[in-house]
Each structure stands twice: as structure tokens, then as C-alpha cells.
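Asks: You'll find run-v7.cif just under this line, and it carries mmCIF, C-alpha atoms.
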data_query
#
loop_
_atom_site.label_atom_id
_atom_site.label_comp_id
_atom_site.auth_asym_id
_atom_site.auth_seq_id
_atom_site.Cartn_x
_atom_site.Cartn_y
_atom_site.Cartn_z
CA MET G 187 0.00 0.00 0.00
CA THR G 188 1.25 3.43 -0.79
CA GLY G 189 0.90 6.65 1.17
CA ASP G 190 -1.70 7.78 -1.39
CA TYR G 191 -3.88 4.85 -0.38
CA TYR G 192 -3.83 5.95 3.26
CA GLU G 193 -4.78 9.49 2.25
CA GLN G 194 -7.87 8.21 0.40
CA LEU G 195 -9.31 6.57 3.52
CA PRO G 196 -11.87 8.66 5.44
CA PHE G 197 -10.26 7.55 8.71
CA PHE G 198 -7.06 9.42 7.76
CA ALA G 199 -8.69 12.54 6.29
CA ASP G 200 -7.35 15.90 7.46
CA PHE G 201 -4.08 14.60 8.90
CA SER G 202 -1.02 16.66 7.96
CA LEU G 203 1.84 15.11 5.97
CA GLU G 204 3.89 14.87 9.16
CA GLN G 205 1.05 13.17 10.99
CA MET G 206 0.52 10.75 8.10
CA ALA G 207 4.21 9.83 8.22
CA LEU G 208 3.82 8.96 11.91
CA LEU G 209 0.65 6.95 11.28
CA GLN G 210 2.17 5.00 8.39
CA GLN G 211 4.89 3.84 10.78
CA ILE G 212 2.42 2.24 13.19
CA PHE G 213 -0.56 1.24 10.95
CA ILE G 214 0.91 -1.80 9.19
CA PRO G 215 -0.70 -3.43 6.12
CA CYS G 216 -2.06 -6.92 6.80
CA ASP G 217 -3.63 -9.32 4.31
CA CYS G 218 -5.66 -12.30 5.50
CA TYR G 219 -7.70 -15.03 3.83
CA ALA G 220 -11.01 -16.76 4.51
CA ASP G 221 -11.35 -18.24 7.99
CA THR G 222 -8.31 -16.39 9.35
CA VAL G 223 -8.95 -15.82 13.04
CA LEU G 224 -7.73 -12.36 14.02
CA PHE G 225 -8.40 -13.08 17.69
CA GLU G 226 -10.49 -15.31 19.91
CA GLN G 227 -12.71 -14.16 22.75
CA GLY G 228 -10.50 -13.97 25.81
CA ASP G 229 -7.22 -13.56 23.91
CA PRO G 230 -4.91 -10.74 25.06
CA ALA G 231 -6.13 -7.51 23.42
CA GLU G 232 -3.04 -6.45 21.49
CA ARG G 233 -4.09 -5.15 18.06
CA LEU G 234 -6.74 -3.04 16.40
CA TYR G 235 -7.64 -3.64 12.73
CA LEU G 236 -8.97 -1.08 10.22
CA ILE G 237 -10.65 -2.97 7.38
CA LEU G 238 -9.86 -1.76 3.87
CA VAL G 239 -11.20 -4.59 1.69
CA GLY G 240 -13.26 -7.60 2.67
CA GLU G 241 -15.26 -8.49 5.74
CA VAL G 242 -14.70 -9.64 9.31
CA VAL G 243 -17.40 -11.25 11.43
CA VAL G 244 -17.49 -10.59 15.15
CA ARG G 245 -18.82 -13.39 17.33
CA TYR G 246 -19.62 -13.45 21.03
CA LYS G 247 -20.07 -16.55 23.19
CA PRO G 248 -22.01 -15.88 26.38
CA GLU G 249 -21.29 -18.20 29.29
CA ASP G 250 -24.84 -19.51 29.24
CA GLY G 251 -25.60 -19.87 25.54
CA GLU G 252 -24.67 -20.47 21.96
CA GLU G 253 -22.21 -18.30 20.04
CA ILE G 254 -23.85 -15.21 18.53
CA LEU G 255 -22.84 -13.41 15.35
CA VAL G 256 -22.73 -9.83 16.62
CA ALA G 257 -21.65 -7.95 13.49
CA ARG G 258 -20.31 -8.11 9.97
CA ILE G 259 -17.67 -5.41 9.67
CA LYS G 260 -16.89 -4.20 6.16
CA ALA G 261 -14.48 -1.69 4.59
CA GLY G 262 -13.99 1.36 6.78
CA GLY G 263 -14.90 -0.53 9.95
CA ILE G 264 -12.70 -1.40 12.89
CA VAL G 265 -12.36 -4.57 14.94
CA GLY G 266 -10.29 -5.19 18.02
CA TRP G 267 -10.92 -1.88 19.70
CA SER G 268 -10.40 -3.52 23.08
CA ALA G 269 -6.70 -3.01 22.31
CA ALA G 270 -7.20 0.74 21.91
CA LEU G 271 -9.34 0.95 25.03
CA GLY G 272 -6.63 -0.70 27.09
CA ASN G 273 -8.73 -3.75 27.95
CA PRO G 274 -6.55 -6.73 28.84
CA ARG G 275 -8.62 -9.21 26.77
CA TYR G 276 -10.84 -9.23 23.70
CA THR G 277 -14.52 -9.56 24.60
CA SER G 278 -15.41 -11.32 21.34
CA ALA G 279 -13.82 -13.21 18.45
CA ALA G 280 -13.10 -11.87 14.95
CA VAL G 281 -12.77 -13.99 11.80
CA CYS G 282 -12.21 -12.98 8.16
CA THR G 283 -14.96 -14.26 5.83
CA GLY G 284 -12.81 -14.05 2.70
CA TYR G 285 -9.74 -12.22 1.45
CA THR G 286 -9.44 -9.20 3.73
CA GLN G 287 -7.00 -6.32 3.51
CA MET G 288 -6.47 -4.31 6.68
CA LEU G 289 -4.24 -1.91 8.52
CA CYS G 290 -3.15 -3.25 11.88
CA VAL G 291 -1.89 -1.23 14.84
CA SER G 292 -0.90 -2.33 18.32
CA GLY G 293 -2.58 -0.78 21.32
CA ARG G 294 0.88 -0.10 22.73
CA ASP G 295 1.82 1.90 19.61
CA LEU G 296 -1.43 3.90 19.83
CA ARG G 297 -0.71 4.78 23.45
CA SER G 298 2.88 5.77 22.58
CA LEU G 299 1.62 7.94 19.72
CA TYR G 300 -0.80 9.65 22.09
CA ASN G 301 1.89 10.27 24.72
CA GLU G 302 4.62 11.39 22.30
CA ASN G 303 2.45 13.28 19.77
CA PRO G 304 -0.70 14.38 21.62
CA ASP G 305 -2.16 16.40 18.72
CA THR G 306 -2.01 13.41 16.38
CA GLY G 307 -3.06 11.02 19.14
CA ILE G 308 -6.18 13.03 19.89
CA LEU G 309 -7.20 13.05 16.22
CA VAL G 310 -6.76 9.26 16.05
CA LEU G 311 -8.83 8.83 19.22
CA GLU G 312 -11.58 11.03 17.76
CA ARG G 313 -11.66 8.93 14.57
CA LEU G 314 -11.78 5.72 16.59
CA ALA G 315 -14.60 7.14 18.70
CA GLU G 316 -16.62 7.98 15.56
CA VAL G 317 -16.26 4.48 14.15
CA ILE G 318 -16.96 2.81 17.51
CA ALA G 319 -20.03 4.98 18.13
CA ASP G 320 -21.44 4.10 14.70
CA ARG G 321 -20.80 0.42 15.37
CA LEU G 322 -22.49 0.56 18.78
CA ASP G 323 -25.57 2.18 17.23
CA ASP G 324 -25.70 -0.64 14.66
CA THR G 325 -25.10 -3.29 17.31
CA HIS G 326 -27.78 -1.85 19.58
CA ASP G 327 -30.40 -2.15 16.85
CA HIS G 328 -29.24 -5.70 16.06
CA VAL G 329 -29.44 -6.80 19.70
CA VAL G 330 -32.94 -5.32 20.04
CA ASP G 331 -33.99 -7.24 16.90
CA LEU G 332 -32.53 -10.47 18.33
CA LEU G 333 -34.38 -9.98 21.59
CA LYS G 334 -37.65 -9.25 19.77
CA GLN G 335 -37.24 -12.39 17.66
CA GLY G 336 -36.45 -14.43 20.76
CA PHE G 337 -39.54 -13.22 22.56
CA LEU G 338 -41.80 -13.66 19.55
CA ASN G 339 -40.43 -16.97 18.28
CA GLY G 340 -39.04 -18.55 21.40
CA SER G 341 -35.50 -18.48 19.97
CA ALA G 342 -33.13 -15.83 18.69
CA ARG G 343 -32.03 -15.99 15.07
CA VAL G 344 -29.07 -14.02 13.79
CA LYS G 345 -29.40 -11.68 10.83
CA GLU G 346 -26.67 -9.84 8.98
CA ILE G 347 -25.97 -6.28 9.98
#
Show me this structure written as C-alpha cells.
Replies:
Amino acid sequence: MTGDYYEQLPFFADFSLEQMALLQQIFIPCDCYADTVLFEQGDPAERLYLILVGEVVVRYKPEDGEEILVARIKAGGIVGWSAALGNPRYTSAAVCTGYTQMLCVSGRDLRSLYNENPDTGILVLERLAEVIADRLDDTHDHVVDLLKQGFLNGSARVKEI
């Protein structure tokens, strides 16, 4: 991936050339194929992934039930934000459904960026917050639908979101 590719992504809009140079050092290109497990529920939360091409499904396994497909994250979405939040473990699993191109960043590198370059770090945090907030809105609606289906049908069925 070239620097031009980074500049075309909405996530990186409005960063200066100097800021982009810093971000390109820590956001590393990562290509994965179908059924690649990015992380399992309970794994140490080390990396955050920004999806460029492809799709990643997020699954959650409650202690008292079957695994639930929580979300289908497509281009522009983020998975693994537990790493950015400083959580010690991922709260769900993430698996690529097909060829998926991403940018990967470690939570440790994000925290270093924030401490060493606060202006750039704050912009990155704001972008992450926007994507996470959008995802939570989508997830909220999906969970409400699952609950409605469960109450009406006696069992919850998963739909794509």
C-alpha cells in the first residue's frame, strides 16, 4: 500500500503530511484469507484492525448460551478496539470471511503515539470514537432485533448487519 492509499481513507482525512508519516509507521498493512482468526474471545487484546477490503465477522459466546454473530464489519470498519481501550482481553472473536486487507496497529503503539504526539493522538482517538459509536448504534439495533425475535419466536435468530 502506498501513502496515497492511506490518504484516500476517510479515517485518515485531514491529517497533515507529518502526521501521516507517523501513522504510516504504526498502521501496518495486513492481508488475510477466509477463515483467518484475528483473535479469539478472551485472547490478550493487542491489536486493532482497520478494514480496507473484505469483511470480518465478530462473534460473542455468552457463558450460558450459543455463540452469537454480533456484526459483519466491512471496509472502513474497525475490529479489536479492546486493544485501543486498554482492555486486557478481547470480549469477542473476529474472523475474516474471505480475502481481507487491513491496517493493523498495536494498542501499545497507539498509546505511545498519544503520549509522544498528543495532537495526532487526539485526532486518532476522535476517529476511533466515531467508528466505535457508529458500530455501537448498529449493534444496539441488532441486539434489540434479536431480543424481539427471541420473545416472539421462542429463539433468537441471527441476521446480517
Asks: Using only C-alpha atoms, can you tell me which of G:Ile264, G:Leu314, G:Leu209, G:Val256 comes closest to Leu236 of chain G?
Replies: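 Closest to Leu236 of chain G of all the choices is G:Ile264.
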Asks: Tell me which protein, DNA and RNA residues are within 12 Å of Ser268 of chain G, counting only C-alpha atoms, leaving out same-chain ones fewer than 6 positions away, and put them as a VMD selection string.
Replies: chain G and resid 225 227 to 235 274 to 280 292 to 294 314 318
Asks: Looking at G:Lys247, G:Gln287, G:Gly272, G:Gln205, which one is nearest to Pro304 of chain G, with distances taken over only C-alpha atoms?
Replies: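 Looking only at the distances to Pro304 of chain G, the closest residue turns out to be G:Gln205.
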Asks: Find the distance between atom CA of Thr286 of chain G and atom CA of Val243 of chain G and write it in Å to one decimal.
Replies: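 Taking atom CA of Thr286 of chain G and atom CA of Val243 of chain G, their separation equals 11.3 Å.
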Asks: Suppose you want the space between atom CA of Glu252 of chain G and atom CA of Val239 of chain G; what is it in Å?
Replies: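 Atom-to-atom, atom CA of Glu252 of chain G to atom CA of Val239 of chain G, that is 29.1 Å.
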Asks: Given only C-alpha atoms as the basis, pick out the residue of G:Asp200, G:Asp320, G:Glu312, G:Glu226 nearest to Ala270 of chain G.
Replies: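 The closest residue to Ala270 of chain G is G:Glu312.
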Asks: Which of these, G:Cys290, G:Leu271, G:Leu224, G:Val281, has the shortest distance to Leu311 of chain G once you count only C-alpha atoms?
Replies: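 For Leu311 of chain G, the nearest of the given residues is G:Leu271.
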Asks: For atom CA of Ala257 of chain G and atom CA of Phe213 of chain G, determine how far apart the two atoms are, in Å to one decimal place.
Replies: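 Calculated distance between atom CA of Ala257 of chain G and atom CA of Phe213 of chain G is 23.1 Å.
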Asks: Using the chain letters and numbers from the file, give me the residues hit by the PyMOL selection byres ((chain G and resi 288) around 6), as a list in words.
Replies: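 Expected selection for the PyMOL selection byres ((chain G and resi 288) around 6) here is Pro215, Cys216, Leu236, Ile237, Leu238, Gln287 and Leu289 of chain G.
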Asks: Using the chain letters and numbers from the file, give me the residues hit by the PyMOL selection byres ((chain G and resi 284) around 10), as an MDAnalysis selection string.
Replies: chainID G and resid 218:222 239:242 281:283 285:287
Asks: Give me a file of those residues, with C-alpha atoms, as a short mmCIF file (atom, residue, chain, number, x, y, z; two decimals), in the frame of the given file.
Replies:
data_model
loop_
_atom_site.label_atom_id
_atom_site.label_comp_id
_atom_site.auth_asym_id
_atom_site.auth_seq_id
_atom_site.Cartn_x
_atom_site.Cartn_y
_atom_site.Cartn_z
CA CYS G 218 -5.66 -12.30 5.50
CA TYR G 219 -7.70 -15.03 3.83
CA ALA G 220 -11.01 -16.76 4.51
CA ASP G 221 -11.35 -18.24 7.99
CA THR G 222 -8.31 -16.39 9.35
CA VAL G 239 -11.20 -4.59 1.69
CA GLY G 240 -13.26 -7.60 2.67
CA GLU G 241 -15.26 -8.49 5.74
CA VAL G 242 -14.70 -9.64 9.31
CA VAL G 281 -12.77 -13.99 11.80
CA CYS G 282 -12.21 -12.98 8.16
CA THR G 283 -14.96 -14.26 5.83
CA TYR G 285 -9.74 -12.22 1.45
CA THR G 286 -9.44 -9.20 3.73
CA GLN G 287 -7.00 -6.32 3.51
#
Asks: Using the chain letters and numbers from the file, which residues does the PyMOL selection byres ((chain G and resi 196) around 12) grab, as a count of residues only?
Replies: 21
